[in-house]
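Undergrad: Got target11.cif for you, mmCIF, C-alpha atoms:
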```cif
data_input
loop_
_atom_site.label_atom_id
_atom_site.label_comp_id
_atom_site.auth_asym_id
_atom_site.auth_seq_id
_atom_site.Cartn_x
_atom_site.Cartn_y
_atom_site.Cartn_z
CA MET A 1287 -7.85 -38.34 99.02
CA PRO A 1288 -5.44 -36.99 96.37
CA PHE A 1289 -5.16 -33.25 95.92
CA ALA A 1290 -6.73 -32.20 92.67
CA THR A 1291 -7.34 -28.89 91.00
CA LYS A 1292 -11.09 -28.31 91.14
CA GLU A 1293 -11.22 -25.26 88.91
CA VAL A 1294 -8.95 -24.18 86.07
CA VAL A 1295 -8.25 -20.46 86.39
CA ILE A 1296 -5.43 -19.05 84.28
CA THR A 1297 -3.92 -15.85 85.65
CA PRO A 1298 -1.35 -13.50 84.12
CA TYR A 1299 2.27 -14.18 85.03
CA ASP A 1300 3.06 -12.95 88.53
CA PRO A 1301 6.67 -11.86 89.16
CA ARG A 1302 6.26 -13.06 92.77
CA TRP A 1303 6.06 -16.71 91.66
CA PRO A 1304 9.86 -17.21 91.63
CA GLN A 1305 10.03 -15.78 95.17
CA GLN A 1306 7.22 -18.11 96.25
CA PHE A 1307 9.23 -21.01 94.81
CA GLU A 1308 12.43 -19.87 96.52
CA SER A 1309 10.65 -19.75 99.87
CA ARG A 1310 9.38 -23.31 99.32
CA ARG A 1311 12.79 -24.46 98.09
CA GLN A 1312 14.45 -23.17 101.26
CA ALA A 1313 11.84 -24.83 103.49
CA LEU A 1314 12.19 -28.13 101.63
CA SER A 1315 16.00 -27.92 101.74
CA SER A 1316 15.84 -27.52 105.52
CA LEU A 1317 13.28 -30.28 105.88
CA LEU A 1318 15.29 -32.70 103.72
CA ASP A 1319 18.72 -31.69 105.03
CA GLY A 1320 21.10 -34.64 105.20
CA LEU A 1321 19.14 -36.72 102.68
CA PRO A 1322 20.37 -37.57 99.17
CA ILE A 1323 18.72 -34.68 97.35
CA LEU A 1324 20.40 -33.63 94.09
CA SER A 1325 18.29 -30.52 93.50
CA ILE A 1326 14.92 -28.88 94.01
CA GLN A 1327 13.57 -27.54 90.72
CA HIS A 1328 10.81 -25.07 89.90
CA VAL A 1329 8.94 -26.61 86.96
CA GLY A 1330 5.55 -26.08 85.35
CA SER A 1331 4.07 -22.88 83.98
CA THR A 1332 4.80 -20.71 87.01
CA SER A 1333 8.51 -21.33 86.35
CA VAL A 1334 8.39 -19.68 82.92
CA GLU A 1335 8.70 -15.90 83.07
CA GLY A 1336 5.87 -14.18 81.22
CA LEU A 1337 3.65 -17.26 80.93
CA ALA A 1338 0.09 -17.10 82.26
CA ALA A 1339 -0.68 -20.06 84.51
CA LYS A 1340 -2.79 -21.61 87.19
CA ALA A 1341 -1.35 -20.08 90.36
CA ILE A 1342 0.04 -23.40 91.62
CA LEU A 1343 3.74 -24.10 92.07
CA ASP A 1344 5.10 -27.31 90.57
CA ILE A 1345 8.23 -28.47 92.37
CA ASP A 1346 10.47 -31.46 91.63
CA VAL A 1347 12.68 -32.79 94.41
CA VAL A 1348 15.33 -34.76 92.52
CA ILE A 1349 16.97 -37.85 94.00
CA PRO A 1350 19.62 -40.13 92.47
CA SER A 1351 17.50 -43.30 92.21
CA PRO A 1352 14.46 -45.13 93.61
CA ALA A 1353 16.65 -46.55 96.38
CA GLU A 1354 16.66 -43.16 98.16
CA PHE A 1355 12.91 -42.70 97.93
CA PRO A 1356 11.78 -44.41 101.19
CA VAL A 1357 13.81 -42.11 103.46
CA VAL A 1358 12.72 -38.98 101.55
CA CYS A 1359 9.09 -40.12 101.63
CA GLN A 1360 9.28 -40.77 105.36
CA ARG A 1361 10.69 -37.29 106.07
CA LEU A 1362 8.01 -35.62 103.95
CA GLU A 1363 5.23 -37.61 105.61
CA GLN A 1364 6.56 -36.71 109.06
CA ALA A 1365 6.21 -33.06 108.01
CA GLY A 1366 2.56 -33.53 107.03
CA TYR A 1367 2.89 -34.21 103.32
CA ILE A 1368 0.49 -36.85 102.02
CA HIS A 1369 2.04 -39.35 99.60
CA GLN A 1370 -0.24 -39.84 96.60
CA GLY A 1371 1.79 -42.47 94.76
CA ASP A 1372 3.14 -42.14 91.25
CA LEU A 1373 -0.27 -41.22 89.76
CA GLY A 1374 0.53 -43.42 86.76
CA LEU A 1375 3.95 -41.89 86.03
CA PRO A 1376 6.74 -44.25 87.13
CA GLY A 1377 9.80 -42.41 88.41
CA ARG A 1378 7.81 -39.60 90.00
CA HIS A 1379 5.84 -39.60 93.26
CA ALA A 1380 3.33 -36.87 94.14
CA PHE A 1381 2.82 -35.28 97.55
CA HIS A 1382 0.34 -32.76 98.90
CA ARG A 1383 0.05 -30.79 102.10
CA GLU A 1384 -2.68 -28.32 103.04
CA GLU A 1385 -1.10 -25.01 103.95
CA THR A 1386 -3.02 -21.95 105.04
CA GLY A 1387 -1.86 -18.73 103.44
CA ALA A 1388 0.70 -20.36 101.14
CA MET A 1389 0.57 -20.60 97.38
CA PRO A 1390 -0.77 -24.06 96.44
CA CYS A 1391 1.90 -26.54 95.40
CA HIS A 1392 2.23 -29.80 93.51
CA LEU A 1393 5.30 -31.49 94.99
CA TYR A 1394 6.98 -34.38 93.21
CA VAL A 1395 9.93 -36.54 94.19
CA CYS A 1396 11.64 -37.76 91.01
CA TRP A 1397 14.72 -39.80 90.27
CA GLN A 1398 17.18 -37.95 88.09
CA ASP A 1399 16.92 -40.25 85.07
CA ALA A 1400 13.13 -40.70 85.14
CA ALA A 1401 11.18 -39.61 82.07
CA PRO A 1402 8.70 -37.39 84.01
CA TYR A 1403 11.57 -35.35 85.47
CA ARG A 1404 13.47 -35.07 82.19
CA GLU A 1405 10.26 -33.98 80.45
CA HIS A 1406 9.47 -31.35 83.11
CA ILE A 1407 12.91 -29.80 82.62
CA ALA A 1408 12.90 -30.05 78.81
CA PHE A 1409 9.44 -28.46 78.52
CA ARG A 1410 10.26 -25.69 81.00
CA ASP A 1411 13.59 -24.87 79.37
CA TYR A 1412 12.13 -24.88 75.85
CA LEU A 1413 9.36 -22.45 76.82
CA ARG A 1414 11.87 -20.22 78.60
CA THR A 1415 13.92 -19.86 75.42
CA HIS A 1416 11.27 -19.95 72.67
CA GLU A 1417 8.90 -16.96 72.79
CA GLU A 1418 6.67 -18.20 69.98
CA ALA A 1419 6.10 -21.56 71.71
CA ARG A 1420 5.47 -19.81 75.03
CA GLN A 1421 2.84 -17.55 73.44
CA ALA A 1422 1.18 -20.48 71.67
CA TYR A 1423 1.04 -22.48 74.89
CA GLN A 1424 -0.41 -19.53 76.77
CA ALA A 1425 -3.09 -19.02 74.11
CA LEU A 1426 -3.98 -22.73 74.25
CA LYS A 1427 -4.24 -22.68 78.05
CA ILE A 1428 -6.50 -19.63 78.03
CA LEU A 1429 -8.66 -21.14 75.27
CA LEU A 1430 -9.05 -24.47 77.11
CA ALA A 1431 -9.73 -22.88 80.50
CA GLY A 1432 -13.08 -21.65 79.19
CA PRO A 1433 -14.87 -24.87 78.28
CA PHE A 1434 -12.93 -27.00 80.78
CA ARG A 1435 -12.95 -24.65 83.77
CA TYR A 1436 -14.54 -27.30 85.99
CA ASP A 1437 -12.99 -30.31 84.25
CA PRO A 1438 -9.24 -30.16 84.95
CA ASP A 1439 -8.67 -33.66 83.59
CA ALA A 1440 -10.09 -32.68 80.19
CA TYR A 1441 -8.12 -29.42 80.32
CA CYS A 1442 -4.88 -31.37 80.81
CA GLN A 1443 -5.81 -33.99 78.23
CA HIS A 1444 -6.40 -31.34 75.58
CA LYS A 1445 -2.90 -29.91 76.17
CA THR A 1446 -1.20 -33.28 75.66
CA ASP A 1447 -0.58 -33.07 71.91
CA PHE A 1448 0.90 -29.58 72.22
CA ILE A 1449 3.19 -30.67 75.07
CA ARG A 1450 4.33 -33.76 73.14
CA GLY A 1451 5.11 -31.55 70.15
CA ILE A 1452 7.25 -29.24 72.28
CA LEU A 1453 9.06 -32.19 73.85
CA GLN A 1454 9.77 -33.55 70.37
CA GLN A 1455 11.16 -30.17 69.28
CA ALA A 1456 13.26 -29.96 72.42
CA GLN A 1457 14.66 -33.45 71.79
CA GLU A 1458 15.45 -32.65 68.16
CA GLY A 1459 17.22 -29.48 69.26
CA GLN A 1460 19.41 -31.47 71.64
CA THR A 1461 20.50 -33.95 68.98
CA VAL A 1462 21.51 -31.18 66.54
CA GLN A 1463 23.83 -29.44 69.01
#
```
For the file at hand, write its structure as C-alpha cells.
TA:
Amino acid sequence: MPFATKEVVITPYDPRWPQQFESRRQALSSLLDGLPILSIQHVGSTSVEGLAAKAILDIDVVIPSPAEFPVVCQRLEQAGYIHQGDLGLPGRHAFHREETGAMPCHLYVCWQDAAPYREHIAFRDYLRTHEEARQAYQALKILLAGPFRYDPDAYCQHKTDFIRGILQQAQEGQTVQ
C-alpha cells in the first residue's frame, strides 16, 4: 500500500527542517555507501527557508541513469524502504518507510537528467531566490489546505497551474542568462 498524505496541514516554517534533512541525508549516505549516488537533495517546501509547508521531508537521491537503479532499489528495500514505483512520473521512483519518532519523508530515487528531478530543483531554487513567488505559493497552500484538508489529491491538483507557471519562469530565467 503506497504511503499517502491523509490530511493536509500546513505549518509555519520550522528552522529544524534543514537539520532533520541533514540527519536523513547522513543516514542515507551511510546506507547507500559504495553505490553510484551523485547527490542527496532536500527538495519540496520544507527545503525553502521561510515557507510554510506540510511537515514532510521530500528527498531526492540522484543517480546517473536508470542502469544504476536496481542496485540502489535493492539496498533501500533491504533497509525496510517500500518501493512504490514511479507513480506516473518516469525517471523518479518513490519509496516509503515507517519510522517511529522521525519526521515523515517522501524519498525519491531520480536519474540526474529526468524531468521530475530537474523540476524539483528548479522549483526549489526559484522559490529560494524569489520572495514574491514564495509568498504567493505559501498563500495558495494555506488557502487550499482549508477546503482540501482531507483530499490531498485535490490539494495537489489545484497547485499544478501555479507550479507550472513558476517552472516556466525559472526556465525563461535560465535562457536569458
Undergrad: Determine the residue set returned by the PyMOL selection byres ((chain A and resi 1368) around 8) for the present structure, and present it as a short mmCIF file (atom, residue, chain, number, x, y, z; two decimals) with C-alpha atoms, in the coordinates of the input.
TA:
```cif
data_model
loop_
_atom_site.label_atom_id
_atom_site.label_comp_id
_atom_site.auth_asym_id
_atom_site.auth_seq_id
_atom_site.Cartn_x
_atom_site.Cartn_y
_atom_site.Cartn_z
CA LEU A 1362 8.01 -35.62 103.95
CA GLU A 1363 5.23 -37.61 105.61
CA GLY A 1366 2.56 -33.53 107.03
CA TYR A 1367 2.89 -34.21 103.32
CA HIS A 1369 2.04 -39.35 99.60
CA GLN A 1370 -0.24 -39.84 96.60
CA PHE A 1381 2.82 -35.28 97.55
CA HIS A 1382 0.34 -32.76 98.90
CA ARG A 1383 0.05 -30.79 102.10
#
```
Undergrad: Translate the PyMOL selection byres ((chain A and resi 1321-1331) around 8) into a concrete residue list for this structure, as an mmCIF file with C-alpha atoms, in the coordinates of the input.
TA:
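Result file selection29.cif:
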```cif
data_model
loop_
_atom_site.group_PDB
_atom_site.id
_atom_site.type_symbol
_atom_site.label_atom_id
_atom_site.label_comp_id
_atom_site.auth_asym_id
_atom_site.auth_seq_id
_atom_site.Cartn_x
_atom_site.Cartn_y
_atom_site.Cartn_z
ATOM 1 C CA PHE A 1307 9.230 -21.010 94.810
ATOM 2 C CA ARG A 1311 12.790 -24.460 98.090
ATOM 3 C CA SER A 1315 16.000 -27.920 101.740
ATOM 4 C CA LEU A 1318 15.290 -32.700 103.720
ATOM 5 C CA ASP A 1319 18.720 -31.690 105.030
ATOM 6 C CA GLY A 1320 21.100 -34.640 105.200
ATOM 7 C CA THR A 1332 4.800 -20.710 87.010
ATOM 8 C CA SER A 1333 8.510 -21.330 86.350
ATOM 9 C CA VAL A 1334 8.390 -19.680 82.920
ATOM 10 C CA LEU A 1337 3.650 -17.260 80.930
ATOM 11 C CA ALA A 1338 0.090 -17.100 82.260
ATOM 12 C CA ALA A 1339 -0.680 -20.060 84.510
ATOM 13 C CA LYS A 1340 -2.790 -21.610 87.190
ATOM 14 C CA LEU A 1343 3.740 -24.100 92.070
ATOM 15 C CA ASP A 1344 5.100 -27.310 90.570
ATOM 16 C CA ILE A 1345 8.230 -28.470 92.370
ATOM 17 C CA ASP A 1346 10.470 -31.460 91.630
ATOM 18 C CA VAL A 1347 12.680 -32.790 94.410
ATOM 19 C CA VAL A 1348 15.330 -34.760 92.520
ATOM 20 C CA ILE A 1349 16.970 -37.850 94.000
ATOM 21 C CA PRO A 1350 19.620 -40.130 92.470
ATOM 22 C CA GLU A 1354 16.660 -43.160 98.160
ATOM 23 C CA VAL A 1357 13.810 -42.110 103.460
ATOM 24 C CA VAL A 1358 12.720 -38.980 101.550
ATOM 25 C CA HIS A 1406 9.470 -31.350 83.110
ATOM 26 C CA ILE A 1407 12.910 -29.800 82.620
ATOM 27 C CA ARG A 1410 10.260 -25.690 81.000
#
```
Undergrad: Kindly give the distance, in Å, that separates CA of Asp1300 in chain A and CA of Ala1388 in chain A, rounded to a single decimal.
TA: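 Spanning CA of Asp1300 in chain A to CA of Ala1388 in chain A is a straight-line distance of 14.8 Å.
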Undergrad: So what do you get for CA of His1379 in chain A versus CA of Glu1293 in chain A, distance-wise?
TA: 22.7 Å
Undergrad: Quick check, in Å to one decimal: how far apart do CA of Pro1390 in chain A and CA of Leu1453 in chain A lie?
TA: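 Value for the CA of Pro1390 in chain A-CA of Leu1453 in chain A distance: 25.9 Å.
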